[in-house]
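As structure tokens, the structure follows; a few thoughts come after it.
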Amino acid sequence: MTRAHQVRPFVLSAATGLLRALSCTRKELVAARVGLVNQLQAELERVFPGAIGLFARLDSEVAIAFLRGYPTTQHAAATLTQARFAAFLKRISYSGRKPVQELLARVHDAPPAGLTPAEAQGRAACVLALLGAA
């Protein structure tokens with residue numbers, strides 16, 4: 001014998017429904033952001049491996065600011081001197097634990113991507129588009 005006639009149907013309150021919708025939206029946004037960061041990393045592996053791991057997180061404000069200024073390969077970063085890099089880090093209030101010399105050495109010592117200047121310019125557009133979407 002069932003007691004179906006004694007069980008009340010579960011009805012969501014307006015607040016619970018709103019919380020559920022917000023939670024679902026946040027979960028989707030996080031998944032989208034993770035996907036974009038993964039795409040950005042894959043693109044950087046092709047065009048600027050020295051940028052990967054340069055800062056703690058690829059989607060941090062400092063990493064995004066750096067990539068906006070130097071979106072691809074050593075074509076863009078070749079002009080980066082220690083003084084210019086230090087000024088850039090100071091301008092964006094970088095408070096990281098790594099000294100400027102170490103960061104700059106990682107950029108300059110990274111293996112070249114092997115792109116022509118025209119290819120680097122095209123790939124820079126891809127990197128910038130991914131940064132804009134993140």
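Ligands are numbered from 1 in the order shown, residues from 1 within each chain, and chains are lettered A, B, ... in the order they appear in the structure tokens.
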Quiz item: So which bits of chain A end up alpha helix (DSSP H) when you DSSP the backbone, as a ChimeraX atom specification?
Solution: /A:14-47,61-69,73-77,82-91,100-109,117-133
Notebook entry, point to check: Could you pull the residues within 12 Å of region 122-124 of chain A, counting only C-alpha atoms, minus those fewer than 2 positions along the same chain, as a PyMOL selection string?
Noted result: chain A and resi 40+42-48+67-76+113+115-120+126-131
Point to revise | Residue neighbourhood Ala65 (chain A), 12 Å, only C-alpha atoms, exclusion window fewer than 5 positions, as a ChimeraX atom specification | key: /A:51,55,58-60,70-71,85,88-89,91-94,128,131-132
